[in-house]
Structures are given as C-alpha cells and as structure tokens.
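File shown: entry31.txt. Contents: compact mmCIF, C-alpha atoms.
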```txt
# COMPACT_ATOMS: atom_id res chain seq x y z
CA MET A 188 -69.49 -95.80 27.06
CA ASP A 189 -71.05 -96.13 30.49
CA GLU A 190 -71.72 -92.96 32.47
CA LEU A 191 -69.00 -92.13 34.98
CA ARG A 192 -70.73 -92.58 38.33
CA PHE A 193 -69.70 -91.81 41.90
CA ASP A 194 -72.27 -93.88 43.76
CA ASP A 195 -71.12 -94.60 47.32
CA ARG A 196 -68.07 -92.36 46.78
CA VAL A 197 -67.27 -89.39 49.00
CA VAL A 198 -65.65 -86.30 47.51
CA VAL A 199 -64.40 -83.10 49.13
CA VAL A 200 -64.60 -79.95 47.02
CA THR A 201 -63.00 -76.79 48.38
CA GLY A 202 -64.16 -73.38 47.27
CA ALA A 203 -67.47 -75.01 46.40
CA GLY A 204 -69.70 -72.11 47.41
CA HIS A 205 -69.31 -70.22 44.15
CA GLY A 206 -68.30 -70.52 40.52
CA ILE A 207 -66.20 -73.44 39.35
CA GLY A 208 -66.17 -75.21 42.73
CA ARG A 209 -69.95 -75.03 42.98
CA SER A 210 -70.24 -76.50 39.47
CA HIS A 211 -67.88 -79.34 40.44
CA ALA A 212 -69.93 -80.10 43.54
CA LEU A 213 -73.26 -80.08 41.71
CA LEU A 214 -72.06 -82.37 38.92
CA LEU A 215 -70.42 -84.80 41.35
CA ALA A 216 -73.64 -84.98 43.37
CA GLU A 217 -75.67 -85.48 40.19
CA ARG A 218 -73.43 -88.47 39.43
CA GLY A 219 -74.08 -90.00 42.85
CA ALA A 220 -71.25 -88.64 45.02
CA ARG A 221 -71.71 -87.64 48.61
CA VAL A 222 -70.12 -84.21 48.62
CA VAL A 223 -68.38 -82.26 51.37
CA VAL A 224 -68.92 -78.65 50.31
CA ALA A 225 -66.05 -76.68 51.82
CA ASP A 226 -65.98 -72.90 51.58
CA TYR A 227 -64.97 -70.07 53.91
CA GLY A 228 -67.17 -67.58 52.10
CA VAL A 229 -64.52 -64.93 51.49
CA ALA A 230 -64.55 -62.09 48.99
CA VAL A 231 -62.52 -62.41 45.79
CA ASP A 232 -59.51 -60.81 47.48
CA GLY A 233 -59.72 -63.17 50.46
CA THR A 234 -61.26 -60.78 52.96
CA GLY A 235 -64.27 -61.50 55.15
CA SER A 236 -66.05 -64.81 55.65
CA SER A 237 -69.57 -66.23 55.53
CA ARG A 238 -71.21 -69.59 56.08
CA SER A 239 -73.81 -68.86 53.43
CA PRO A 240 -71.99 -70.02 50.24
CA ALA A 241 -71.13 -73.50 51.56
CA GLU A 242 -74.56 -73.96 53.09
CA SER A 243 -76.30 -72.73 49.93
CA THR A 244 -74.51 -75.21 47.65
CA ALA A 245 -75.04 -78.10 50.07
CA GLU A 246 -78.73 -77.26 50.35
CA GLU A 247 -79.03 -77.06 46.56
CA ILE A 248 -77.60 -80.56 46.29
CA ARG A 249 -79.94 -81.94 48.94
CA LEU A 250 -83.00 -80.32 47.34
CA ALA A 251 -82.07 -82.06 44.10
CA GLY A 252 -82.04 -85.41 45.91
CA GLY A 253 -78.31 -85.69 46.53
CA GLU A 254 -76.21 -85.97 49.67
CA ALA A 255 -73.98 -83.17 50.92
CA ILE A 256 -72.73 -81.45 54.03
CA ALA A 257 -71.44 -77.92 54.33
CA CYS A 258 -68.04 -77.32 55.87
CA PHE A 259 -67.22 -73.74 56.88
CA ALA A 260 -63.43 -73.84 56.95
CA ASP A 261 -60.46 -71.72 55.91
CA VAL A 262 -58.10 -73.87 53.84
CA SER A 263 -55.19 -71.53 54.60
CA ASP A 264 -55.39 -72.60 58.26
CA GLU A 265 -53.87 -76.06 58.72
CA HIS A 266 -56.21 -77.14 61.51
CA ALA A 267 -59.29 -75.91 59.65
CA ALA A 268 -58.17 -77.56 56.40
CA THR A 269 -57.56 -80.85 58.19
CA SER A 270 -61.05 -80.61 59.69
CA ILE A 271 -62.54 -80.75 56.18
CA VAL A 272 -61.10 -84.22 55.63
CA ALA A 273 -62.07 -85.24 59.16
CA SER A 274 -65.66 -84.12 58.50
CA ALA A 275 -65.88 -86.31 55.41
CA ILE A 276 -64.66 -89.39 57.23
CA SER A 277 -66.68 -88.81 60.41
CA THR A 278 -69.88 -88.14 58.46
CA TYR A 279 -69.63 -90.72 55.70
CA GLY A 280 -67.00 -93.14 56.98
CA ARG A 281 -64.72 -92.78 53.98
CA LEU A 282 -63.06 -90.39 51.55
CA ASP A 283 -62.39 -91.19 47.90
CA ALA A 284 -61.38 -87.93 46.25
CA VAL A 285 -60.40 -84.36 46.95
CA VAL A 286 -60.90 -81.50 44.50
CA ASN A 287 -58.79 -78.54 45.63
CA ASN A 288 -60.44 -75.52 44.06
CA ALA A 289 -60.39 -72.75 46.70
CA GLY A 290 -58.66 -69.60 45.54
CA ILE A 291 -58.50 -65.83 45.68
CA ASN A 292 -57.11 -63.07 43.46
CA ASP A 293 -55.49 -59.77 44.35
CA PRO A 294 -53.81 -58.40 41.20
CA GLY A 295 -51.31 -55.59 41.13
CA ARG A 296 -48.15 -54.40 39.48
CA PHE A 297 -45.10 -56.22 40.84
CA GLU A 298 -43.58 -53.05 42.27
CA ASP A 299 -46.81 -52.35 44.17
CA LEU A 300 -47.36 -55.83 45.59
CA THR A 301 -46.06 -56.28 49.12
CA PRO A 302 -44.53 -59.53 50.36
CA ALA A 303 -47.58 -59.86 52.61
CA ARG A 304 -49.87 -59.90 49.55
CA PHE A 305 -47.69 -62.57 47.92
CA ARG A 306 -47.78 -64.59 51.14
CA ARG A 307 -51.57 -64.40 51.34
CA MET A 308 -51.85 -65.74 47.80
CA MET A 309 -49.52 -68.62 48.68
CA ASP A 310 -51.43 -69.29 51.91
CA VAL A 311 -54.70 -69.88 50.09
CA HIS A 312 -53.62 -71.44 46.79
CA PHE A 313 -50.52 -73.42 47.71
CA PHE A 314 -50.82 -74.11 51.43
CA GLY A 315 -54.60 -74.51 51.17
CA THR A 316 -54.03 -77.22 48.58
CA LEU A 317 -51.16 -78.71 50.57
CA TYR A 318 -53.02 -78.90 53.88
CA VAL A 319 -56.11 -80.61 52.46
CA ALA A 320 -54.06 -82.97 50.30
CA HIS A 321 -51.77 -83.85 53.22
CA ALA A 322 -54.70 -84.70 55.47
CA ALA A 323 -56.31 -86.82 52.75
CA TRP A 324 -53.02 -88.49 51.75
CA LYS A 325 -52.66 -90.40 55.01
CA HIS A 326 -56.15 -91.80 54.57
CA PHE A 327 -55.53 -92.68 50.92
CA ILE A 328 -52.29 -94.48 51.75
CA ASP A 329 -54.09 -96.56 54.39
CA THR A 330 -56.91 -97.50 52.02
CA GLY A 331 -54.74 -97.93 48.93
CA TYR A 332 -56.92 -95.65 46.85
CA GLY A 333 -57.50 -91.95 46.29
CA ARG A 334 -57.87 -89.17 43.76
CA ILE A 335 -56.52 -85.65 44.18
CA VAL A 336 -57.52 -82.99 41.65
CA ASN A 337 -55.77 -79.66 42.12
CA THR A 338 -56.49 -76.36 40.41
CA THR A 339 -53.70 -74.52 38.69
CA SER A 340 -53.85 -71.84 35.99
CA GLU A 341 -52.29 -70.77 32.74
CA ALA A 342 -51.36 -67.64 34.68
CA MET A 343 -48.36 -69.58 36.01
CA LEU A 344 -46.92 -69.39 32.49
CA GLY A 345 -47.07 -65.59 32.36
CA GLY A 346 -48.61 -63.54 29.59
CA ILE A 347 -51.06 -61.41 31.58
CA PRO A 348 -49.75 -58.39 33.52
CA GLU A 349 -50.35 -57.85 37.23
CA LEU A 350 -50.72 -61.54 38.07
CA SER A 351 -47.25 -62.26 39.46
CA SER A 352 -48.57 -63.19 42.91
CA TYR A 353 -51.46 -65.28 41.59
CA GLY A 354 -49.38 -66.90 38.85
CA ALA A 355 -46.54 -67.73 41.24
CA ALA A 356 -48.97 -69.36 43.68
CA LYS A 357 -50.54 -71.42 40.91
CA GLY A 358 -47.07 -72.42 39.74
CA ALA A 359 -46.42 -73.75 43.24
CA VAL A 360 -49.61 -75.81 43.00
CA PHE A 361 -48.37 -77.20 39.68
CA GLY A 362 -45.05 -78.22 41.26
CA LEU A 363 -46.83 -79.85 44.19
CA THR A 364 -49.13 -81.75 41.81
CA ARG A 365 -46.26 -83.16 39.80
CA ASN A 366 -44.22 -84.19 42.81
CA LEU A 367 -47.17 -85.81 44.58
CA ALA A 368 -47.85 -87.72 41.37
CA THR A 369 -44.31 -89.06 41.51
CA GLU A 370 -44.86 -90.29 45.08
CA ALA A 371 -48.29 -91.67 44.17
CA THR A 372 -46.91 -94.16 41.67
CA GLY A 373 -47.80 -97.68 42.78
CA THR A 374 -50.02 -96.58 45.69
CA GLY A 375 -53.45 -96.55 44.02
CA ILE A 376 -53.49 -92.75 44.32
CA ARG A 377 -53.66 -90.45 41.29
CA VAL A 378 -52.78 -86.75 41.43
CA ASN A 379 -53.69 -84.43 38.56
CA ALA A 380 -54.86 -80.89 38.00
CA VAL A 381 -57.15 -78.71 35.93
CA ALA A 382 -56.33 -75.27 34.54
CA PRO A 383 -59.79 -73.73 34.07
CA ARG A 384 -60.90 -71.09 31.62
CA ALA A 385 -64.12 -69.72 33.06
CA HIS A 386 -66.04 -66.56 33.77
CA THR A 387 -66.49 -66.37 37.54
CA ARG A 388 -66.77 -63.61 40.12
CA MET A 389 -62.95 -63.68 40.19
CA SER A 390 -62.60 -62.90 36.50
CA ASP A 391 -65.61 -60.59 36.63
CA SER A 392 -63.77 -58.41 39.14
CA GLU A 393 -61.13 -57.86 36.47
CA LYS A 394 -63.51 -57.33 33.57
CA SER A 395 -62.54 -53.73 32.88
CA ARG A 396 -58.80 -54.35 33.16
CA LEU A 397 -58.92 -57.40 30.88
CA ALA A 398 -61.08 -55.59 28.33
CA GLU A 399 -58.51 -52.82 28.19
CA LEU A 400 -55.61 -55.28 28.02
CA PHE A 401 -57.09 -57.16 25.06
CA SER A 402 -58.56 -54.04 23.43
CA MET A 403 -62.15 -55.28 23.68
CA ASP A 404 -65.25 -53.17 24.03
CA ASP A 405 -67.83 -54.04 26.69
CA GLU A 406 -70.06 -55.91 24.25
CA THR A 407 -67.24 -58.12 23.00
CA MET A 408 -65.99 -58.77 26.53
CA SER A 409 -69.50 -59.76 27.62
CA ALA A 410 -69.74 -62.19 24.69
CA VAL A 411 -66.41 -63.77 25.63
CA ASN A 412 -67.51 -64.13 29.25
CA ALA A 413 -70.79 -65.72 28.15
CA SER A 414 -68.80 -68.40 26.30
CA MET A 415 -66.97 -69.36 29.49
CA PRO A 416 -69.53 -70.68 32.03
CA PRO A 417 -67.93 -72.44 35.03
CA ASP A 418 -69.83 -75.67 34.47
CA MET A 419 -67.87 -76.31 31.27
CA CYS A 420 -64.80 -76.97 33.42
CA SER A 421 -66.40 -79.56 35.67
CA PRO A 422 -66.49 -82.64 33.37
CA ALA A 423 -62.68 -82.74 33.35
CA ALA A 424 -62.47 -82.42 37.13
CA LEU A 425 -65.03 -85.21 37.46
CA PHE A 426 -63.04 -87.47 35.13
CA LEU A 427 -59.80 -86.87 37.04
CA ALA A 428 -61.60 -87.65 40.32
CA HIS A 429 -63.10 -90.88 38.99
CA GLU A 430 -61.84 -94.37 39.80
CA SER A 431 -61.40 -95.13 36.09
CA CYS A 432 -58.85 -92.34 35.64
CA THR A 433 -55.32 -93.69 35.17
CA LEU A 434 -53.64 -90.36 34.48
CA ASN A 435 -51.05 -89.25 37.00
CA GLY A 436 -49.23 -85.92 37.05
CA GLU A 437 -51.23 -84.40 34.20
CA VAL A 438 -52.82 -80.98 33.80
CA LEU A 439 -55.92 -80.53 31.66
CA ARG A 440 -56.68 -77.04 30.42
CA VAL A 441 -60.45 -76.90 30.24
CA GLY A 442 -63.34 -74.57 29.53
CA MET A 443 -65.04 -72.87 26.61
CA GLY A 444 -65.98 -76.26 25.16
CA SER A 445 -62.44 -77.55 24.99
CA ALA A 446 -60.06 -79.84 26.84
CA ALA A 447 -56.33 -79.94 26.18
CA ARG A 448 -53.18 -81.29 27.76
CA LEU A 449 -50.97 -78.64 29.35
CA ALA A 450 -47.52 -80.20 29.40
CA VAL A 451 -43.87 -79.53 30.15
CA ILE A 452 -41.51 -80.36 27.32
CA HIS A 453 -37.77 -80.65 26.94
CA THR A 454 -36.08 -80.10 23.59
CA ALA A 455 -33.41 -82.28 22.06
CA GLY A 456 -31.09 -79.37 22.73
CA LEU A 457 -27.31 -79.40 22.60
CA THR A 458 -25.10 -82.14 24.00
CA LYS A 459 -21.32 -81.82 24.35
CA ASP A 460 -18.71 -83.11 26.78
CA SER A 461 -18.16 -79.57 27.97
CA ILE A 462 -20.40 -76.63 27.16
CA THR A 463 -19.16 -73.06 27.23
CA PRO A 464 -21.23 -69.86 27.33
CA GLU A 465 -20.18 -69.32 23.73
CA ASP A 466 -21.62 -72.73 22.79
CA ILE A 467 -24.96 -71.60 24.18
CA VAL A 468 -24.88 -68.47 22.05
CA GLU A 469 -23.76 -70.29 18.92
CA HIS A 470 -26.33 -73.09 19.21
CA LEU A 471 -29.22 -71.17 20.78
CA ASP A 472 -31.59 -71.94 17.90
CA THR A 473 -30.93 -75.67 18.33
CA ILE A 474 -31.42 -75.48 22.09
CA LEU A 475 -34.76 -73.72 21.70
CA ASP A 476 -36.03 -75.77 18.75
CA VAL A 477 -39.13 -77.70 19.84
CA HIS A 478 -39.37 -79.83 16.68
CA ASP A 479 -38.14 -83.01 18.40
CA ALA A 480 -39.24 -82.05 21.91
CA GLN A 481 -40.46 -84.69 24.35
CA ILE A 482 -43.01 -84.54 27.15
CA THR A 483 -41.45 -84.46 30.60
CA ASP A 484 -43.37 -87.03 32.66
CA ALA A 485 -43.97 -86.53 36.36
CA ALA A 486 -44.44 -90.23 36.98
CA ASN A 487 -44.94 -93.53 35.28
CA MET A 488 -48.53 -94.61 34.91
CA ALA A 489 -49.36 -96.39 38.16
CA PRO A 490 -50.40 -100.03 37.74
```
Would it be possible to restate this file's structure as structure tokens?
Amino acid sequence: MDELRFDDRVVVVTGAGHGIGRSHALLLAERGARVVVADYGVAVDGTGSSRSPAESTAEEIRLAGGEAIACFADVSDEHAATSIVASAISTYGRLDAVVNNAGINDPGRFEDLTPARFRRMMDVHFFGTLYVAHAAWKHFIDTGYGRIVNTTSEAMLGGIPELSSYGAAKGAVFGLTRNLATEATGTGIRVNAVAPRAHTRMSDSEKSRLAELFSMDDETMSAVNASMPPDMCSPAALFLAHESCTLNGEVLRVGMGSAARLAVIHTAGLTKDSITPEDIVEHLDTILDVHDAQITDAANMAP
C-alpha cells in the first residue's frame, strides 16, 4: 500500500520533548507533517520547567529537513494549552491533528496519596488533554475535518499497585475519548487513543519498584526495557492521526512490536422482568461469562 503521508498537514504533539511524544513528532515530520512540538519541560513528577526539550526536538526535526516550531506551554493551564493550538494556526494557517501525549507520574500507596496529588495528575492528564482538544475542536468543526489522538494507559484497568492516581487520570482520558468520538460522528472528526507500552524516563523512574513487583533481577528488567523503545508506539499514533483513518472511539494498545484493540465488552448476562439480589447471586456465572460478549461501541463509524 502507499506510504501514509502528512504533506501539507499540521499536527500538534504535546509532551513531545521526550520519549514517546518525541518519537511521534519525529515520525510525523519524517512523513511530511509540519509539527508543533509542545512541551513544558517538567520532571517526571511534574515539577520544574524548561524550554530545552521542546526546542531540542523541534531543532532535530529542522536539521533533518522537516518543519517544526517549539511551543513552551503547560497543558494543565487552560490559557497556555489554548495557545498551543493558536500557535499552530497562526504559524501554518491550519491544524489537522492533535496528539495529546503530555503526562506525568507520581506513584504512591493510596493511603499516602493526598487529594492534591490526585488533582495534579488529573490536571495534566485529563484537563491537559481536554484543554488542547477543546481548543482544536472549534477549529475542526469549522473546517469539517480533524483527528484527535489521546494517550491513555492499561493502568486505568488496575493490576499494578501504587498507580491509583495515574490510572484514574488515564481512565478519565479514556472516558473523554469515547464521548468525544460519539459527538464526532458525522462531523469529519475522528477521536481515538493509544495505550503505549514503552520504556521511557517515566517507567525508568520506577525501574526498581517494577523489578521487585514482577520478581525480576536487574539484567532481566534491562532486557525487558530494551524491548520497549518509544518509537515502536508511534506508527499507531501516526495511523490514527492520518486522514485515511476511519476508526472512531477506539483504543490501540501498542508497543513491543505489537498492536491490539483495547475494548470494552458487555456480556449476554441475565435478563428478567424483575431482578432480585438473590438472582444476581444465583446467576453470577452467567452474568460474568464472556463467551457471547459484544464490543461496546462509542460511536458509529462516521461517513
């Protein structure tokens, strides 16, 4: 098939100074996109700020012959997030896609996490995604075209201790993605998400804890990390951002040389005119049986 190109397209990538976001930006530029490299240059836990990461990625793109501008902006601030979209339009005269990738991590046991730490996670992951998407949405509605690619995580499903704040924030991004996809039907806009598996500075900061959790020695953990380079997540993000993509409301789990659909299902369950608590107990196996389960769609495929 023909190569998926982004010639004359303009794409915003948040959190593009490091890791997965940087890989997205580089691949998009390689495929012809003019990239707005947005990054506030914070540490993994969200503290501090620096212009260097955004400027470094943008300069790397330009040195390779591509087009990019750096945007030093905090996505958790509504005005700053809106300025990212404004920069794309004022610089290039258009905006075709947004890849919301900016994120932080601040793990801790639930009893030790303060509401303020939960709120900070929501500010960056959920509201950061919301603010950029909201600013882009108005433009997309006017032009009748747009692609939004959000970043969620398998952490929203549980399974790894000390990620209740991160997982909850990513779950909120998932809910936003699905509901925006519903509203996007028939507008020319598509809204999807990726759930990356990658070794980045975020996961590297948890290397010791994860090695202990999964009973891995340092050598084994290093081998696992080596199999998870960030750039293996970018092809899926590029596809979802492309004009040829007809998916809407989907999540692709990507990385480590794989791509899979992450979906919500509903089982055939139990149906009665009136269900009692005792019915639930008696038929619990039937209710939980996934044999005849169906995918719960967020939206019909837009024409």
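Of the listed residues (A:Val199, A:Met415, A:Ala260, A:Ala424), A:Met415 comes nearest to A:Met443; the distances count all atoms listed in the file.
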8 Å contact set for A:Ala359, only C-alpha atoms, chain neighbours under 4 positions out, as a list of chain:residue names: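 Returned residues: A:Phe313, A:Ala355, A:Leu363.
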Atom CA of A:Ala447 to atom CA of A:Asp484, straight-line distance in Å: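 For atom CA of A:Asp484 relative to atom CA of A:Ala447, the distance reads 16.1 Å.
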Nearest candidate to A:Phe193 (options A:Val262, A:Met403, A:Ala284, A:Ala480; using only C-alpha atoms):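 The shortest atom-to-atom distance to A:Phe193 comes from A:Ala284.
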message: I'd like to know which of A:Arg334, A:His470, A:Arg238, A:His386 is closest to A:Ile207, using only C-alpha atoms.
response: A:His386
6 Å contact set for A:Lys357, only C-alpha atoms, chain neighbours under 5 positions out, as a list of chain:residue names: A:Thr339, A:Ser340, A:Met343
field: Shortest interatomic distance to A:Ser237 - which of A:Phe259, A:Asp418, A:Tyr318, A:Leu439, counting all atoms listed in the file
entry: A:Phe259
message: To one decimal place in Å, what is the distance between atom CA of A:Thr433 and atom CA of A:Pro383?
response: 20.5 Å
- request: Show which residues sit within 8 Å of A:Asp476, as a list in words. Count all atoms listed in the file, and ignore same-chain residues fewer than 4 positions away.
  value: Thr454, Ala455, Gly456, Asp472 and Ala480 of chain A
message: Using Å and a single decimal, report how far atom CA of A:Leu300 sits from atom CA of A:Ala268.
response: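 Taking atom CA of A:Ala268 and atom CA of A:Leu300, their separation equals 26.6 Å.
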statement: Counting all atoms listed in the file, closest pick from A:Val360, A:Ala220, A:Ala371, A:Met188 relative to A:Ala289 is A:Val360
field: Proximity to A:Arg448 - best of A:Ile248, A:Val336, A:Ala382, A:Val223, all atoms listed in the file
entry: A:Ala382
message: Just want the 8 Å neighbourhood of stretch 269-278 of chain A, counted on all atoms listed in the file, with same-chain residues fewer than 2 positions away dropped. Output as a list of chain:residue names.
response: A:Val197, A:Val198, A:Val199, A:Val223, A:Ala225, A:Cys258, A:Ala260, A:Glu265, A:His266, A:Ala267, A:Gly280, A:Arg281, A:Leu282, A:Tyr318, A:Val319, A:Ala322, A:Ala323
Residue neighbourhood A:Glu246, 12 Å, all atoms listed in the file, exclusion window fewer than 4 positions, as JSON, numbers by chain: {"A": [204, 209, 212, 213, 216, 222, 223, 224, 239, 240, 241, 242, 250, 251, 252, 253, 254, 255, 256, 257]}
Using the atoms already present, construct N, CA and C atoms for stretch 235-249 of chain A and hand them back as a short mmCIF file (atom, residue, chain, number, x, y, z; two decimals), in the coordinates of the input.
```
data_model
loop_
_atom_site.label_atom_id
_atom_site.label_comp_id
_atom_site.auth_asym_id
_atom_site.auth_seq_id
_atom_site.Cartn_x
_atom_site.Cartn_y
_atom_site.Cartn_z
N GLY A 235 -62.96 -61.15 54.64
CA GLY A 235 -64.27 -61.50 55.15
C GLY A 235 -64.48 -63.00 55.23
N SER A 236 -65.67 -63.40 55.61
CA SER A 236 -66.05 -64.81 55.65
C SER A 236 -67.56 -64.91 55.87
N SER A 237 -68.13 -66.01 55.39
CA SER A 237 -69.57 -66.23 55.53
C SER A 237 -69.88 -67.71 55.38
N ARG A 238 -70.79 -68.20 56.19
CA ARG A 238 -71.21 -69.59 56.08
C ARG A 238 -72.16 -69.83 54.91
N SER A 239 -72.74 -68.75 54.41
CA SER A 239 -73.81 -68.86 53.43
C SER A 239 -73.43 -69.61 52.15
N PRO A 240 -72.29 -69.33 51.51
CA PRO A 240 -71.99 -70.02 50.24
C PRO A 240 -71.93 -71.53 50.37
N ALA A 241 -71.22 -72.05 51.38
CA ALA A 241 -71.13 -73.50 51.56
C ALA A 241 -72.50 -74.10 51.85
N GLU A 242 -73.24 -73.45 52.72
CA GLU A 242 -74.56 -73.96 53.09
C GLU A 242 -75.52 -73.92 51.92
N SER A 243 -75.41 -72.87 51.08
CA SER A 243 -76.30 -72.73 49.93
C SER A 243 -76.07 -73.84 48.92
N THR A 244 -74.80 -74.14 48.61
CA THR A 244 -74.51 -75.21 47.65
C THR A 244 -74.94 -76.56 48.19
N ALA A 245 -74.65 -76.82 49.46
CA ALA A 245 -75.04 -78.10 50.07
C ALA A 245 -76.56 -78.27 50.06
N GLU A 246 -77.27 -77.19 50.35
CA GLU A 246 -78.73 -77.26 50.35
C GLU A 246 -79.26 -77.48 48.93
N GLU A 247 -78.63 -76.86 47.95
CA GLU A 247 -79.03 -77.06 46.56
C GLU A 247 -78.89 -78.51 46.14
N ILE A 248 -77.82 -79.14 46.59
CA ILE A 248 -77.60 -80.56 46.29
C ILE A 248 -78.67 -81.42 46.96
N ARG A 249 -78.94 -81.14 48.21
CA ARG A 249 -79.94 -81.94 48.94
C ARG A 249 -81.33 -81.77 48.35
#
```
